[in-house]
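Here is the structure we will look at, set down as structure tokens.
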Amino acid sequence: MFKGTLIRSGNNAKTIKGDGEYETAIMYLAPFTMAGSNVCPMAEQAGCVKGCLNTAGRGAYNNVQQARIAKTKRYLASRTAFMADLVTDLERFVAYCKRKGVKPAVRLNGTSDIQWEVAHYASRGDARGSVFELFPEVQFYDYTKVYKRAYRQLPANYALTLSYSAANPAYAEVVTKAAHETGANLAIVYRTKELRDYFVGKLVQYGNACRDVIDGDETDMRFLDPKGVIVGLYAKGKAKGDRSGFVVG
Ligand code: SF4
């Protein structure tokens, strides 16, 4: 288990067939406007605030919520200091993975939707750039509702999966269009495990096109998913009761 100031991993390195073993460290911030300013620019439009996975797992505890808020306030108060802390964490995590003989994977938006590829510069030694440029040895990945990110030329070590919500038909339309036009994978949260299982392996219509559904809960390593699929997940935490349209079924 790795525990940094901003990112942490469980003790759950996963062996991926033919690709060795990865350990994922995740950064959990306080989503939407919980810490004062919005770190999820599309959350209102996508209608995902109530069903946010922020309350799943350790997020159910009040002290964990308070820690996430404090962390997010630090990000909002000084991006430069925050990025410096992140670089320190990433360096430590890379060294930890090296000692353990596993590959480092990092999700920066565990419970936020920040565009890390834009205007988030940091320094590592003499080098300056995005964390993706500074840490080519790390595989980064995230889910996003900021569909315009799928149209960008993203760094080779950053995999983004678009996140579906039918809470607002206008959002559902643009995100499925972005998935179709860019080939980006699209994650859909189903109400129950059984419903997800029902769709896995089937061709499902999204927008005006069809795609295969894969089981997205088997592993969280979205960067290893085949391209052009729907990533089927089942609802956890408060999301189970979501009726906004974010959770399907
Ligand atoms: S589901 Fe994602 S975008 Fe929506 S509020 Fe939660 S972290 Fe933000």
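Lettering and numbering for the structure tokens are positional, with chains as A, B, ... in the shown order, residues counted from 1 in each chain, and ligands counted from 1 in the shown order.
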
Restrict the calculation to only C-alpha atoms, then for each residue of region 125-235 of chain A with any atom at most 12 Å from an atom of region 52-64 of chain A give the closest atom pair and their distance in Å to one decimal, rows by chain and rising residue number, as a tab-separated table.
```
residue	atom	partner	partner_atom	distance
A:Tyr143	CA	A:Leu53	CA	11.8
A:Lys145	CA	A:Cys52	CA	11.9
A:Ser163	CA	A:Cys52	CA	11.6
A:Ser165	CA	A:Cys52	CA	11.3
A:Val189	CA	A:Leu53	CA	10.6
A:Leu233	CA	A:Leu53	CA	11.7
A:Tyr234	CA	A:Leu53	CA	11.0
A:Ala235	CA	A:Leu53	CA	8.4
```

List all protein, DNA and RNA residues that have at least one atom no more than 6 Å from any atom of ligand 1, counting only C-alpha atoms and all ligand atoms, and write them as a list of chain:residue names. A:Pro31, A:Phe32, A:Cys40, A:Ala43, A:Cys48, A:Val49, A:Cys52, A:Leu53, A:Thr111, A:Ser112, A:Asp113, A:Lys145

Residue selection dump (N, CA and C atoms) as a compact mmCIF listing (two decimals), in the first residue's frame:
```txt
# COMPACT_ATOMS: atom_id res chain seq x y z
N PRO A 31 -15.67 16.40 -4.92
CA PRO A 31 -16.22 16.71 -6.24
C PRO A 31 -17.07 18.00 -6.27
N PHE A 32 -17.33 18.41 -7.50
CA PHE A 32 -18.23 19.53 -7.80
C PHE A 32 -17.84 20.75 -6.95
N CYS A 40 -15.66 19.98 -11.25
CA CYS A 40 -16.35 19.07 -12.18
C CYS A 40 -17.21 19.93 -13.12
N ALA A 43 -20.58 18.57 -14.38
CA ALA A 43 -21.42 17.78 -13.46
C ALA A 43 -22.88 18.21 -13.45
N CYS A 48 -24.73 14.41 -12.55
CA CYS A 48 -24.10 13.28 -11.85
C CYS A 48 -23.75 13.57 -10.40
N VAL A 49 -24.09 14.75 -9.89
CA VAL A 49 -23.66 15.12 -8.53
C VAL A 49 -24.24 14.17 -7.48
N CYS A 52 -22.74 10.65 -7.56
CA CYS A 52 -21.27 10.64 -7.62
C CYS A 52 -20.69 9.53 -6.73
N LEU A 53 -19.66 8.87 -7.23
CA LEU A 53 -19.04 7.77 -6.48
C LEU A 53 -18.23 8.27 -5.28
N THR A 111 -12.36 11.38 -7.91
CA THR A 111 -13.68 12.01 -7.68
C THR A 111 -13.61 13.50 -8.01
N SER A 112 -13.11 13.79 -9.20
CA SER A 112 -13.09 15.17 -9.71
C SER A 112 -13.01 15.05 -11.22
N ASP A 113 -13.03 16.16 -11.92
CA ASP A 113 -12.95 16.10 -13.39
C ASP A 113 -12.11 17.27 -13.89
N LYS A 145 -16.39 13.58 -17.86
CA LYS A 145 -17.65 14.03 -18.47
C LYS A 145 -17.40 15.26 -19.34
```

Please identify all polymer residues within 10 Å of Ile114 (chain A), counting only C-alpha atoms, omitting same-chain residues fewer than 5 positions from it, and present them as an MDAnalysis selection string. chainID A and resid 31 38:41 108:109 120 142 144 146

For the residues in that selection, give me N, CA and C atoms as a PDB file, in the first residue's frame.
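Output below, filename result.pdb:
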```pdb
ATOM      1  N   PRO A  31     -15.672  16.399  -4.919  1.00  0.00           N
ATOM      2  CA  PRO A  31     -16.218  16.715  -6.237  1.00  0.00           C
ATOM      3  C   PRO A  31     -17.073  17.996  -6.271  1.00  0.00           C
ATOM      4  N   ASN A  38     -15.867  24.865  -8.347  1.00  0.00           N
ATOM      5  CA  ASN A  38     -16.250  23.673  -9.107  1.00  0.00           C
ATOM      6  C   ASN A  38     -15.051  22.958  -9.743  1.00  0.00           C
ATOM      7  N   VAL A  39     -14.843  21.704  -9.372  1.00  0.00           N
ATOM      8  CA  VAL A  39     -13.773  20.911 -10.005  1.00  0.00           C
ATOM      9  C   VAL A  39     -14.365  19.859 -10.959  1.00  0.00           C
ATOM     10  N   CYS A  40     -15.662  19.983 -11.248  1.00  0.00           N
ATOM     11  CA  CYS A  40     -16.351  19.071 -12.179  1.00  0.00           C
ATOM     12  C   CYS A  40     -17.210  19.926 -13.118  1.00  0.00           C
ATOM     13  N   PRO A  41     -16.583  20.547 -14.135  1.00  0.00           N
ATOM     14  CA  PRO A  41     -17.291  21.536 -14.951  1.00  0.00           C
ATOM     15  C   PRO A  41     -18.559  21.047 -15.652  1.00  0.00           C
ATOM     16  N   LEU A 108      -5.792  10.519 -11.506  1.00  0.00           N
ATOM     17  CA  LEU A 108      -5.791  11.802 -10.778  1.00  0.00           C
ATOM     18  C   LEU A 108      -7.204  12.263 -10.441  1.00  0.00           C
ATOM     19  N   ASN A 109      -8.172  11.868 -11.265  1.00  0.00           N
ATOM     20  CA  ASN A 109      -9.557  12.296 -11.023  1.00  0.00           C
ATOM     21  C   ASN A 109     -10.395  11.151 -10.450  1.00  0.00           C
ATOM     22  N   HIS A 120      -1.736  22.793 -16.338  1.00  0.00           N
ATOM     23  CA  HIS A 120      -1.344  22.229 -15.036  1.00  0.00           C
ATOM     24  C   HIS A 120       0.125  21.817 -15.145  1.00  0.00           C
ATOM     25  N   ASP A 142      -8.184   8.174 -16.570  1.00  0.00           N
ATOM     26  CA  ASP A 142      -9.302   8.832 -15.878  1.00  0.00           C
ATOM     27  C   ASP A 142     -10.598   8.592 -16.626  1.00  0.00           C
ATOM     28  N   THR A 144     -14.064  10.842 -17.642  1.00  0.00           N
ATOM     29  CA  THR A 144     -14.400  12.267 -17.737  1.00  0.00           C
ATOM     30  C   THR A 144     -15.784  12.498 -18.329  1.00  0.00           C
ATOM     31  N   VAL A 146     -16.176  15.743 -19.306  1.00  0.00           N
ATOM     32  CA  VAL A 146     -15.802  16.890 -20.155  1.00  0.00           C
ATOM     33  C   VAL A 146     -15.492  16.315 -21.540  1.00  0.00           C
TER      34      VAL A 146
END
```

Apply DSSP to the backbone of this structure and, from region 17-236 of chain A, keep only the residues in strand (DSSP E); write these as a PyMOL selection string. chain A and resi 20-26+103-107+122-124+127-129+139-144+158-163+186-190+203-206+209-215+230-234

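The neighbours of Ala239 (chain A) here are the residues that come within 8 Å of it, using only C-alpha atoms and leaving out any residue fewer than 2 positions away in the same chain; they are Lys50, Gly51, Cys52, Leu53, Ala235, Lys236, Gly237, Gly241, Asp242 and Val247 of chain A.
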
Would you mind exporting the chosen residues as a compact mmCIF listing (two decimals), in the first residue's frame, restricted to C-alpha atoms?
```txt
# COMPACT_ATOMS: atom_id res chain seq x y z
CA LYS A 50 -26.17 13.07 -6.54
CA GLY A 51 -24.97 9.76 -7.94
CA CYS A 52 -21.27 10.64 -7.62
CA LEU A 53 -19.04 7.77 -6.48
CA ALA A 235 -23.78 1.45 -9.27
CA LYS A 236 -22.07 1.67 -5.88
CA GLY A 237 -22.60 3.82 -2.78
CA GLY A 241 -30.46 5.14 -5.45
CA ASP A 242 -29.78 7.66 -8.20
CA VAL A 247 -27.40 5.50 -13.47
```

Applying 9 Å and only C-alpha atoms, which residues near Ser130 (chain A) remain after dropping the ones on its own chain fewer than 3 positions away? List them as an mmCIF file with N, CA and C atoms, in the first residue's frame.
```cif
data_model
loop_
_atom_site.group_PDB
_atom_site.id
_atom_site.type_symbol
_atom_site.label_atom_id
_atom_site.label_comp_id
_atom_site.auth_asym_id
_atom_site.auth_seq_id
_atom_site.Cartn_x
_atom_site.Cartn_y
_atom_site.Cartn_z
ATOM 1 N N TRP A 116 -6.237 17.912 -16.451
ATOM 2 C CA TRP A 116 -4.807 17.943 -16.074
ATOM 3 C C TRP A 116 -3.897 18.201 -17.264
ATOM 4 N N GLU A 117 -4.399 17.950 -18.462
ATOM 5 C CA GLU A 117 -3.566 18.137 -19.655
ATOM 6 C C GLU A 117 -3.503 19.606 -20.076
ATOM 7 N N VAL A 118 -4.303 20.447 -19.438
ATOM 8 C CA VAL A 118 -4.347 21.869 -19.804
ATOM 9 C C VAL A 118 -3.928 22.726 -18.609
ATOM 10 N N ALA A 119 -2.901 23.552 -18.815
ATOM 11 C CA ALA A 119 -2.501 24.562 -17.816
ATOM 12 C C ALA A 119 -2.266 24.003 -16.412
ATOM 13 N N HIS A 120 -1.736 22.793 -16.338
ATOM 14 C CA HIS A 120 -1.344 22.229 -15.036
ATOM 15 C C HIS A 120 0.125 21.817 -15.145
ATOM 16 N N TYR A 121 0.979 22.838 -15.016
ATOM 17 C CA TYR A 121 2.409 22.596 -15.195
ATOM 18 C C TYR A 121 3.080 22.330 -13.858
ATOM 19 N N ALA A 122 4.160 21.555 -13.945
ATOM 20 C CA ALA A 122 4.935 21.248 -12.740
ATOM 21 C C ALA A 122 6.392 21.102 -13.149
ATOM 22 N N SER A 123 7.256 20.954 -12.159
ATOM 23 C CA SER A 123 8.686 20.763 -12.429
ATOM 24 C C SER A 123 9.153 19.478 -11.778
ATOM 25 N N GLU A 133 4.076 14.510 -19.157
ATOM 26 C CA GLU A 133 5.396 14.651 -19.779
ATOM 27 C C GLU A 133 6.505 14.349 -18.769
ATOM 28 N N LEU A 134 6.292 14.756 -17.528
ATOM 29 C CA LEU A 134 7.339 14.589 -16.510
ATOM 30 C C LEU A 134 7.473 13.145 -16.044
ATOM 31 N N PHE A 135 6.383 12.365 -16.192
ATOM 32 C CA PHE A 135 6.411 10.967 -15.722
ATOM 33 C C PHE A 135 5.997 10.006 -16.843
#
```

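Counting only C-alpha atoms, Lys71 (chain A) has the following residues at most 8 Å away, ignoring those fewer than 3 positions along the same chain: Leu6, Leu29, Ala30, Ala67, Arg68, Arg74 and Tyr75 of chain A.
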
Could those residues be written to a file, using N, CA and C atoms, as a JSON list (two decimals), in the first residue's frame?
```json
[["chain", "number", "residue", "atom", "x", "y", "z"],
["A", 6, "LEU", "N", -1.17, 13.19, -1.54],
["A", 6, "LEU", "CA", -2.32, 13.40, -2.42],
["A", 6, "LEU", "C", -2.86, 12.12, -3.05],
["A", 29, "LEU", "N", -10.42, 13.87, -4.66],
["A", 29, "LEU", "CA", -10.70, 15.23, -4.22],
["A", 29, "LEU", "C", -12.18, 15.32, -3.87],
["A", 30, "ALA", "N", -12.61, 16.48, -3.40],
["A", 30, "ALA", "CA", -14.03, 16.68, -3.11],
["A", 30, "ALA", "C", -14.69, 17.15, -4.41],
["A", 67, "ALA", "N", -11.05, 15.20, 4.72],
["A", 67, "ALA", "CA", -9.69, 15.18, 4.15],
["A", 67, "ALA", "C", -9.73, 15.54, 2.67],
["A", 68, "ARG", "N", -10.74, 15.05, 1.97],
["A", 68, "ARG", "CA", -10.86, 15.36, 0.54],
["A", 68, "ARG", "C", -11.14, 16.85, 0.32],
["A", 74, "ARG", "N", -6.60, 23.07, -0.94],
["A", 74, "ARG", "CA", -5.18, 23.34, -1.21],
["A", 74, "ARG", "C", -4.97, 23.50, -2.72],
["A", 75, "TYR", "N", -5.63, 22.66, -3.49],
["A", 75, "TYR", "CA", -5.53, 22.77, -4.96],
["A", 75, "TYR", "C", -6.05, 24.12, -5.44]]
```
